[in-house]
Amino acid sequence: MKIAVIGATGATGRKVVERALELGHEVVAVARKPERIAPAERLTARQGDVFDVSSMARAIAGNDVVISCIGPTKTFPDDSFMSKGFTNAIAANFSPGTVMSQGIQNMIEACERSGVKQLVMQSGIGLSDGKELSLASRCALGLNRRILSKAIKDKGIAEQAVRQSNLNWVIIRPTGLHDGDATSDYVSGPATRVAMSRLLSFADCADCLVRAATSEPAWVRTIVNVGR
Ligand SMILES: NC(=O)c1ccc[n+]([C@@H]2O[C@H](COP(=O)([O-])OP(=O)(O)OC[C@H]3O[C@@H](n4cnc5c(N)ncnc54)[C@H](OP(=O)(O)O)[C@@H]3O)[C@@H](O)[C@H]2O)c1
């Protein structure tokens with residue numbers, strides 16, 4: 001299949017590109033700075049900013065499916081303490097802006113303009129109402145929702161836009177992610193019970209996102225939890 005990955009420079013997006021190529025797909029990696037994408041066979045890098053619908057529509061044109069791995073980022077000067085990974089991620093989530101609410105709405109419009117019919121959106125388990133989770137996970141979820149309330153609100157608007165769209169959409173809600181190896185030792189599916197205390201690797205999350213885009217027709221127009 002032809003797959004466009006938005007947020008291809010991010011921690012999950014990079015792994016999605018790798019996994020899709022491994023499985024033999026043709027991939028368009030979309031990034032604000034496409035020069036950051038390492039060349040590979042069957043991979044094309046295109047420029048696109050989710051705040052600019054026209055750049056998005058151009059970047060995704062000709063693909064069968066779009067996988068969104070965008071998220072809030074903060075740009076502190078490269079050599080500053082605040083630019084270091086963890087601090088950067090915390091700062092981004094405390095002050096997320098509208099990259100999800102506005103960015104995903106623009107992505108839906110770009111799909112409509114360019115004739116792409118399928119969208120897979122990486123969201124987060126923080127959006128769950130917790131019904132399918134254990135008591136311990138529901139407590140952790142409550143804490144998570146309080147601490148990351150702004151980021152969750154922004155993502156909630158994005159999820160709603162996706163659910164109301166006419167696209168063949170899948171929303172993927174991973175638990176916390178980390179930089180481990182691909183294991184395939186994860187659970188996924190609509191209303192699947194996942195443990196908030198067990199991290200999932202970016203690589204396993206990427207595998208789930210590529211499955212949603214290519215080989216899980218029963219997931220279309222559903223919200224899928226992924227975790228361990
Ligand atoms: N990390 C976790 O533990 C975790 C857990 C659950 C859910 N999630 C969610 O999953 C998603 C991806 O997470 P991640 O940790 O892989 O994110 P990440 O490493 O922070 O990557 C975010 C990506 O979004 C891109 N982006 C930001 N603003 C953009 C814009 N205006 N136009 C185009 N691209 C833009 C960034 O591009 P640049 O390189 O140009 O900045 C980057 O590629 C996020 O929504 C996150 O909240 C993350």
# chains A, B, ... in the order shown; residues from 1 in each chain; ligands from 1
$ residues_near_ligand --ligand "ligand 1" --cutoff "7 Å" --atoms "only C-alpha atoms and all ligand atoms" --output "PyMOL selection string"
chain A and resi 6-13+31-33+48-51+69-73+89+99+103+122-125+173-178
$ residues_around --residues "Ile147 in chain A" --least-positions-apart "4" --cutoff "12 Å" --atoms "only C-alpha atoms" --output "PyMOL selection string"
chain A and resi 90-91+93-95+126+140-143+151-153
$ write_last_selection --atoms "N, CA and C atoms" --output "PDB file, in the first residue's frame"
ATOM      1  N   ILE A  90       7.650  17.111  28.718  1.00  0.00           N
ATOM      2  CA  ILE A  90       6.784  17.590  29.812  1.00  0.00           C
ATOM      3  C   ILE A  90       6.291  19.002  29.475  1.00  0.00           C
ATOM      4  N   ALA A  91       7.223  19.860  29.066  1.00  0.00           N
ATOM      5  CA  ALA A  91       6.854  21.242  28.735  1.00  0.00           C
ATOM      6  C   ALA A  91       5.821  21.264  27.617  1.00  0.00           C
ATOM      7  N   ASN A  93       3.607  18.991  26.871  1.00  0.00           N
ATOM      8  CA  ASN A  93       2.284  18.527  27.296  1.00  0.00           C
ATOM      9  C   ASN A  93       1.587  19.485  28.252  1.00  0.00           C
ATOM     10  N   PHE A  94       2.380  20.283  29.006  1.00  0.00           N
ATOM     11  CA  PHE A  94       1.755  21.273  29.879  1.00  0.00           C
ATOM     12  C   PHE A  94       1.207  22.447  29.081  1.00  0.00           C
ATOM     13  N   SER A  95       1.808  22.698  27.950  1.00  0.00           N
ATOM     14  CA  SER A  95       1.361  23.828  27.142  1.00  0.00           C
ATOM     15  C   SER A  95       1.286  23.377  25.677  1.00  0.00           C
ATOM     16  N   GLY A 126      -5.133   8.298  27.752  1.00  0.00           N
ATOM     17  CA  GLY A 126      -5.688   9.339  28.621  1.00  0.00           C
ATOM     18  C   GLY A 126      -7.084   9.776  28.204  1.00  0.00           C
ATOM     19  N   ALA A 140      -4.844   5.475  38.077  1.00  0.00           N
ATOM     20  CA  ALA A 140      -3.699   6.082  37.374  1.00  0.00           C
ATOM     21  C   ALA A 140      -4.201   6.994  36.247  1.00  0.00           C
ATOM     22  N   LEU A 141      -5.277   6.562  35.605  1.00  0.00           N
ATOM     23  CA  LEU A 141      -5.854   7.351  34.512  1.00  0.00           C
ATOM     24  C   LEU A 141      -6.366   8.704  35.033  1.00  0.00           C
ATOM     25  N   GLY A 142      -7.019   8.653  36.207  1.00  0.00           N
ATOM     26  CA  GLY A 142      -7.555   9.887  36.802  1.00  0.00           C
ATOM     27  C   GLY A 142      -6.443  10.890  37.067  1.00  0.00           C
ATOM     28  N   LEU A 143      -5.328  10.379  37.591  1.00  0.00           N
ATOM     29  CA  LEU A 143      -4.180  11.237  37.898  1.00  0.00           C
ATOM     30  C   LEU A 143      -3.610  11.834  36.600  1.00  0.00           C
ATOM     31  N   ALA A 151      -3.428  18.961  27.489  1.00  0.00           N
ATOM     32  CA  ALA A 151      -3.091  18.121  26.324  1.00  0.00           C
ATOM     33  C   ALA A 151      -4.261  17.177  26.010  1.00  0.00           C
ATOM     34  N   ILE A 152      -4.918  16.675  27.065  1.00  0.00           N
ATOM     35  CA  ILE A 152      -6.037  15.741  26.854  1.00  0.00           C
ATOM     36  C   ILE A 152      -7.232  16.469  26.239  1.00  0.00           C
ATOM     37  N   LYS A 153      -7.453  17.706  26.674  1.00  0.00           N
ATOM     38  CA  LYS A 153      -8.564  18.477  26.094  1.00  0.00           C
ATOM     39  C   LYS A 153      -8.316  18.713  24.593  1.00  0.00           C
TER      40      LYS A 153
END
$ select_by_dssp --residues "range 48-190 of chain A" --states "alpha helix (DSSP H)" --output "PyMOL selection string"
chain A and resi 53-60+85-94+101-114+135-147+149-164
$ closest_residue --among "A:Ile157, A:Met100, A:Val170, A:Ile67" --to "Pro217 in chain A" --atoms "only C-alpha atoms"
A:Val170
$ select_by_dssp --residues "range 143-206 of chain A" --states "strand (DSSP E or B)" --output "ChimeraX atom specification"
/A:168-174,177-178,187-190,200-201
$ write_last_selection --atoms "N, CA and C atoms" --output "JSON list (two decimals), in the first residue's frame"
[["chain", "number", "residue", "atom", "x", "y", "z"],
["A", 168, "ASN", "N", -12.66, 6.69, 6.51],
["A", 168, "ASN", "CA", -12.54, 5.40, 7.18],
["A", 168, "ASN", "C", -11.44, 5.56, 8.21],
["A", 169, "TRP", "N", -11.83, 5.87, 9.43],
["A", 169, "TRP", "CA", -10.84, 6.23, 10.44],
["A", 169, "TRP", "C", -10.63, 5.12, 11.46],
["A", 170, "VAL", "N", -9.45, 5.14, 12.07],
["A", 170, "VAL", "CA", -9.19, 4.33, 13.27],
["A", 170, "VAL", "C", -8.44, 5.24, 14.24],
["A", 171, "ILE", "N", -8.88, 5.27, 15.49],
["A", 171, "ILE", "CA", -8.16, 6.01, 16.54],
["A", 171, "ILE", "C", -7.43, 4.99, 17.40],
["A", 172, "ILE", "N", -6.12, 5.19, 17.55],
["A", 172, "ILE", "CA", -5.32, 4.26, 18.37],
["A", 172, "ILE", "C", -4.93, 4.97, 19.65],
["A", 173, "ARG", "N", -5.27, 4.34, 20.79],
["A", 173, "ARG", "CA", -4.93, 4.94, 22.09],
["A", 173, "ARG", "C", -3.89, 4.10, 22.82],
["A", 174, "PRO", "N", -2.61, 4.47, 22.69],
["A", 174, "PRO", "CA", -1.58, 3.72, 23.41],
["A", 174, "PRO", "C", -1.45, 4.17, 24.87],
["A", 177, "LEU", "N", 4.64, 5.25, 26.44],
["A", 177, "LEU", "CA", 5.55, 4.62, 25.48],
["A", 177, "LEU", "C", 7.01, 4.78, 25.92],
["A", 178, "HIS", "N", 7.85, 3.87, 25.47],
["A", 178, "HIS", "CA", 9.29, 3.98, 25.78],
["A", 178, "HIS", "C", 10.10, 3.47, 24.61],
["A", 187, "VAL", "N", -1.16, -6.14, 23.60],
["A", 187, "VAL", "CA", -2.57, -6.43, 23.31],
["A", 187, "VAL", "C", -3.19, -5.19, 22.65],
["A", 188, "SER", "N", -4.15, -5.42, 21.76],
["A", 188, "SER", "CA", -4.75, -4.30, 21.05],
["A", 188, "SER", "C", -6.14, -4.68, 20.57],
["A", 189, "GLY", "N", -7.00, -3.68, 20.51],
["A", 189, "GLY", "CA", -8.34, -3.92, 19.98],
["A", 189, "GLY", "C", -9.31, -2.94, 20.61],
["A", 190, "PRO", "N", -10.54, -2.84, 20.05],
["A", 190, "PRO", "CA", -11.54, -1.96, 20.62],
["A", 190, "PRO", "C", -11.87, -2.40, 22.06],
["A", 200, "LEU", "N", 4.68, 0.49, 26.78],
["A", 200, "LEU", "CA", 4.73, -0.18, 25.47],
["A", 200, "LEU", "C", 5.88, 0.46, 24.69],
["A", 201, "SER", "N", 6.59, -0.31, 23.86],
["A", 201, "SER", "CA", 7.67, 0.35, 23.10],
["A", 201, "SER", "C", 7.07, 1.13, 21.92]]
$ residues_around --residues "Ala45 in chain A" --least-positions-apart "4" --cutoff "7 Å" --atoms "only C-alpha atoms" --output "list in words"
Val28, Ala29, Val30, Pro34 and Ile37 of chain A
$ write_last_selection --atoms "N, CA and C atoms" --output "compact mmCIF listing (two decimals), in the first residue's frame"
# COMPACT_ATOMS: atom_id res chain seq x y z
N VAL A 28 5.43 7.72 2.27
CA VAL A 28 5.75 9.14 2.17
C VAL A 28 5.87 9.66 3.60
N ALA A 29 7.07 10.10 3.96
CA ALA A 29 7.29 10.64 5.31
C ALA A 29 7.10 12.15 5.25
N VAL A 30 6.11 12.64 6.01
CA VAL A 30 5.78 14.07 5.95
C VAL A 30 6.33 14.73 7.22
N PRO A 34 11.77 18.09 6.13
CA PRO A 34 11.95 16.77 5.51
C PRO A 34 13.41 16.37 5.37
N ILE A 37 14.74 13.44 7.38
CA ILE A 37 14.35 12.04 7.10
C ILE A 37 15.49 11.35 6.34
$ closest_residue --among "A:Val224, A:Met196, A:Ile3, A:Cys205" --to "Ser137 in chain A" --atoms "only C-alpha atoms"
A:Met196
$ residues_around --residues "Gln118 in chain A" --least-positions-apart "4" --cutoff "12 Å" --atoms "only C-alpha atoms" --output "MDAnalysis selection string"
chainID A and resid 1:4 60 63:68 107:108 110:112 114 162 165:171 212:214 217 219:221
